[in-house]
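The file query.pdb comes next; it holds PDB, C-alpha atoms.
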```
ATOM      1  CA  MET A   1     -29.418  -5.375 -16.118  1.00  0.00           C
ATOM      2  CA  GLU A   2     -31.879  -2.564 -15.638  1.00  0.00           C
ATOM      3  CA  ALA A   3     -32.427  -3.631 -12.026  1.00  0.00           C
ATOM      4  CA  GLU A   4     -28.664  -3.566 -11.387  1.00  0.00           C
ATOM      5  CA  ARG A   5     -28.402  -0.088 -12.874  1.00  0.00           C
ATOM      6  CA  LEU A   6     -31.272   1.168 -10.732  1.00  0.00           C
ATOM      7  CA  ALA A   7     -29.788  -0.450  -7.610  1.00  0.00           C
ATOM      8  CA  ARG A   8     -26.413   1.208  -8.261  1.00  0.00           C
ATOM      9  CA  ALA A   9     -28.068   4.583  -8.872  1.00  0.00           C
ATOM     10  CA  GLU A  10     -30.043   4.256  -5.628  1.00  0.00           C
ATOM     11  CA  ALA A  11     -26.923   3.246  -3.710  1.00  0.00           C
ATOM     12  CA  ARG A  12     -25.125   6.338  -5.039  1.00  0.00           C
ATOM     13  CA  ALA A  13     -28.037   8.557  -4.026  1.00  0.00           C
ATOM     14  CA  ASN A  14     -28.230   7.087  -0.497  1.00  0.00           C
ATOM     15  CA  LYS A  15     -24.474   7.046   0.049  1.00  0.00           C
ATOM     16  CA  VAL A  16     -23.370   8.241   3.474  1.00  0.00           C
ATOM     17  CA  ALA A  17     -20.053  10.066   3.577  1.00  0.00           C
ATOM     18  CA  LYS A  18     -17.491   8.541   5.935  1.00  0.00           C
ATOM     19  CA  VAL A  19     -16.412  10.958   8.615  1.00  0.00           C
ATOM     20  CA  TYR A  20     -12.804  10.650   9.784  1.00  0.00           C
ATOM     21  CA  SER A  21     -11.697  11.894  13.171  1.00  0.00           C
ATOM     22  CA  GLU A  22      -8.769  14.293  13.467  1.00  0.00           C
ATOM     23  CA  GLU A  23      -6.578  11.471  14.779  1.00  0.00           C
ATOM     24  CA  GLU A  24      -7.397   9.302  11.757  1.00  0.00           C
ATOM     25  CA  LYS A  25      -6.730  12.218   9.416  1.00  0.00           C
ATOM     26  CA  THR A  26      -3.308  12.883  10.896  1.00  0.00           C
ATOM     27  CA  GLN A  27      -2.419   9.179  10.806  1.00  0.00           C
ATOM     28  CA  ARG A  28      -3.465   8.970   7.144  1.00  0.00           C
ATOM     29  CA  LYS A  29      -1.421  12.080   6.280  1.00  0.00           C
ATOM     30  CA  GLU A  30       1.641  10.662   8.047  1.00  0.00           C
ATOM     31  CA  ARG A  31       1.294   7.341   6.248  1.00  0.00           C
ATOM     32  CA  VAL A  32       0.930   9.046   2.867  1.00  0.00           C
ATOM     33  CA  ALA A  33       4.013  11.168   3.568  1.00  0.00           C
ATOM     34  CA  LYS A  34       6.041   8.099   4.626  1.00  0.00           C
ATOM     35  CA  ALA A  35       4.921   6.093   1.580  1.00  0.00           C
ATOM     36  CA  LYS A  36       5.724   8.928  -0.834  1.00  0.00           C
ATOM     37  CA  ASP A  37       9.100   9.447   0.840  1.00  0.00           C
ATOM     38  CA  ALA A  38       9.922   5.744   0.526  1.00  0.00           C
ATOM     39  CA  LEU A  39       8.922   5.808  -3.151  1.00  0.00           C
ATOM     40  CA  SER A  40      11.099   8.820  -3.888  1.00  0.00           C
ATOM     41  CA  ARG A  41      14.125   7.429  -2.006  1.00  0.00           C
ATOM     42  CA  SER A  42      13.863   4.016  -3.698  1.00  0.00           C
ATOM     43  CA  VAL A  43      14.091   5.322  -7.251  1.00  0.00           C
ATOM     44  CA  GLY A  44      17.760   4.493  -7.857  1.00  0.00           C
ATOM     45  CA  ILE A  45      17.920   1.245  -5.900  1.00  0.00           C
ATOM     46  CA  LYS A  46      18.535  -1.935  -7.864  1.00  0.00           C
ATOM     47  CA  GLY A  47      17.471  -5.459  -7.064  1.00  0.00           C
ATOM     48  CA  GLU A  48      14.736  -7.962  -7.728  1.00  0.00           C
ATOM     49  CA  HIS A  49      12.919  -7.003  -4.534  1.00  0.00           C
ATOM     50  CA  VAL A  50      12.606  -3.284  -5.355  1.00  0.00           C
ATOM     51  CA  ALA A  51      10.011  -3.391  -8.151  1.00  0.00           C
ATOM     52  CA  PRO A  52       7.427  -5.466  -6.219  1.00  0.00           C
ATOM     53  CA  ALA A  53       7.960  -3.343  -3.108  1.00  0.00           C
ATOM     54  CA  ARG A  54       7.440  -0.124  -5.056  1.00  0.00           C
ATOM     55  CA  ALA A  55       4.334  -1.606  -6.673  1.00  0.00           C
ATOM     56  CA  ALA A  56       2.956  -2.447  -3.229  1.00  0.00           C
ATOM     57  CA  LEU A  57       3.554   1.129  -2.065  1.00  0.00           C
ATOM     58  CA  LYS A  58       1.829   2.501  -5.146  1.00  0.00           C
ATOM     59  CA  LYS A  59      -1.108   0.177  -4.609  1.00  0.00           C
ATOM     60  CA  PHE A  60      -1.332   1.332  -0.977  1.00  0.00           C
ATOM     61  CA  LEU A  61      -1.545   4.944  -2.137  1.00  0.00           C
ATOM     62  CA  GLN A  62      -4.142   4.106  -4.791  1.00  0.00           C
ATOM     63  CA  ASN A  63      -6.334   2.192  -2.328  1.00  0.00           C
ATOM     64  CA  LEU A  64      -6.027   4.671   0.508  1.00  0.00           C
ATOM     65  CA  ASN A  65      -9.788   4.871   1.000  1.00  0.00           C
ATOM     66  CA  ALA A  66     -10.287   1.105   1.040  1.00  0.00           C
ATOM     67  CA  PRO A  67     -11.665  -0.253   4.320  1.00  0.00           C
ATOM     68  CA  ASN A  68      -8.937  -2.871   4.836  1.00  0.00           C
ATOM     69  CA  GLN A  69      -5.828  -0.844   5.615  1.00  0.00           C
ATOM     70  CA  PRO A  70      -2.674  -2.519   6.971  1.00  0.00           C
ATOM     71  CA  ASP A  71      -1.899  -2.192  10.663  1.00  0.00           C
ATOM     72  CA  ASP A  72       1.166  -0.273  11.858  1.00  0.00           C
ATOM     73  CA  ALA A  73       3.563  -3.249  11.758  1.00  0.00           C
ATOM     74  CA  GLN A  74       2.529  -4.234   8.231  1.00  0.00           C
ATOM     75  CA  PHE A  75       2.775  -0.635   7.076  1.00  0.00           C
ATOM     76  CA  GLU A  76       6.314  -0.291   8.450  1.00  0.00           C
ATOM     77  CA  MET A  77       7.320  -3.489   6.604  1.00  0.00           C
ATOM     78  CA  LEU A  78       5.734  -2.072   3.445  1.00  0.00           C
ATOM     79  CA  VAL A  79       7.719   1.166   3.741  1.00  0.00           C
ATOM     80  CA  GLU A  80      11.035  -0.582   4.493  1.00  0.00           C
ATOM     81  CA  ALA A  81      10.653  -3.312   1.837  1.00  0.00           C
ATOM     82  CA  PRO A  82      12.482  -1.526  -1.011  1.00  0.00           C
ATOM     83  CA  PHE A  83      15.539  -0.938   1.177  1.00  0.00           C
ATOM     84  CA  LYS A  84      15.958  -4.404   2.670  1.00  0.00           C
ATOM     85  CA  ALA A  85      17.259  -7.107   0.394  1.00  0.00           C
ATOM     86  CA  PRO A  86      15.706 -10.499   1.051  1.00  0.00           C
ATOM     87  CA  PRO A  87      18.044 -13.148   2.480  1.00  0.00           C
ATOM     88  CA  LYS A  88      19.889 -15.164  -0.114  1.00  0.00           C
ATOM     89  CA  LYS A  89      18.615 -18.642  -0.759  1.00  0.00           C
ATOM     90  CA  LYS A  90      20.905 -21.385   0.427  1.00  0.00           C
ATOM     91  CA  THR A  91      21.854 -23.935  -2.152  1.00  0.00           C
ATOM     92  CA  ASN A  92      23.132 -27.443  -1.766  1.00  0.00           C
ATOM     93  CA  ASP A  93      25.734 -26.828  -4.426  1.00  0.00           C
ATOM     94  CA  ARG A  94      29.053 -27.923  -2.870  1.00  0.00           C
ATOM     95  CA  ARG A  95      31.370 -27.197  -5.784  1.00  0.00           C
ATOM     96  CA  PHE A  96      34.612 -25.505  -4.733  1.00  0.00           C
TER      97      PHE A  96
END
```
Representation of the structure as structure tokens:
Amino acid sequence: MEAERLARAEARANKVAKVYSEEEKTQRKERVAKAKDALSRSVGIKGEHVAPARAALKKFLQNLNAPNQPDDAQFEMLVEAPFKAPPKKKTNDRRF
């Protein structure tokens, strides 16, 4: 356990700060603004699909500095998810 603690302390001391380009910074700011806007607009919406979609947006904002960010298409789906109801499941129930 002592070796793990020392390894973590050394890793913190030798940590190199990630440098983002101006293009990456503006893209991150735009994504944060879109995600926050989608969260604020989806407050009053009802449906089973809304809560998981809002949770995914919140998780995106919490893990903004994680290395595995979604690409543009996935991000757009993430932002639009609270507003699009999933298609209804077809049933074989033929009662009239």
Nearest to Ala81 of chain A: which of A:Lys25, A:Arg54, A:Lys15, A:Arg5 is it, counting only C-alpha atoms?
-> A:Arg54
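One finds atom CA of Asn68 of chain A at 16.2 Å from atom CA of Val19 of chain A.
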Tell me which protein, DNA and RNA residues are within 12 Å of segment 33-46 of chain A, counting all atoms listed in the file, leaving out same-chain ones fewer than 2 positions away, and put them as a ChimeraX atom specification.
-> /A:26-31,48-62,64,75-85
Quick one, how far is atom CA of Glu23 of chain A from atom CA of Asp72 of chain A?
->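 Distance reported for this atom pair: 14.4 Å.
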Where's the centre, and what are the edge lengths in Å to one decimal, of a box along x, y and z enclosing all listed atoms of segment 75-81 of chain A padded 4 Å per side, as lines of an AutoDock Vina configuration file?
```
center_x = 6.9
center_y = -1.2
center_z = 5.1
size_x = 16.3
size_y = 12.7
size_z = 14.6
```
Pairwise distance, atom CA of Glu4 of chain A with atom CA of Pro67 of chain A, equals 23.4 Å
So which one's closest to Pro86 of chain A, A:Ala3, A:Val16, A:Ala9, A:Gly47? Using all atoms listed in the file, please.
->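 Closest to Pro86 of chain A, using all atoms listed in the file: A:Gly47.
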For Val32 of chain A, the nearest of the candidates A:Gln74, A:Ala13, A:Asn63, A:Leu6, counting all atoms listed in the file |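 Of all the options, A:Asn63 lies closest to Val32 of chain A.
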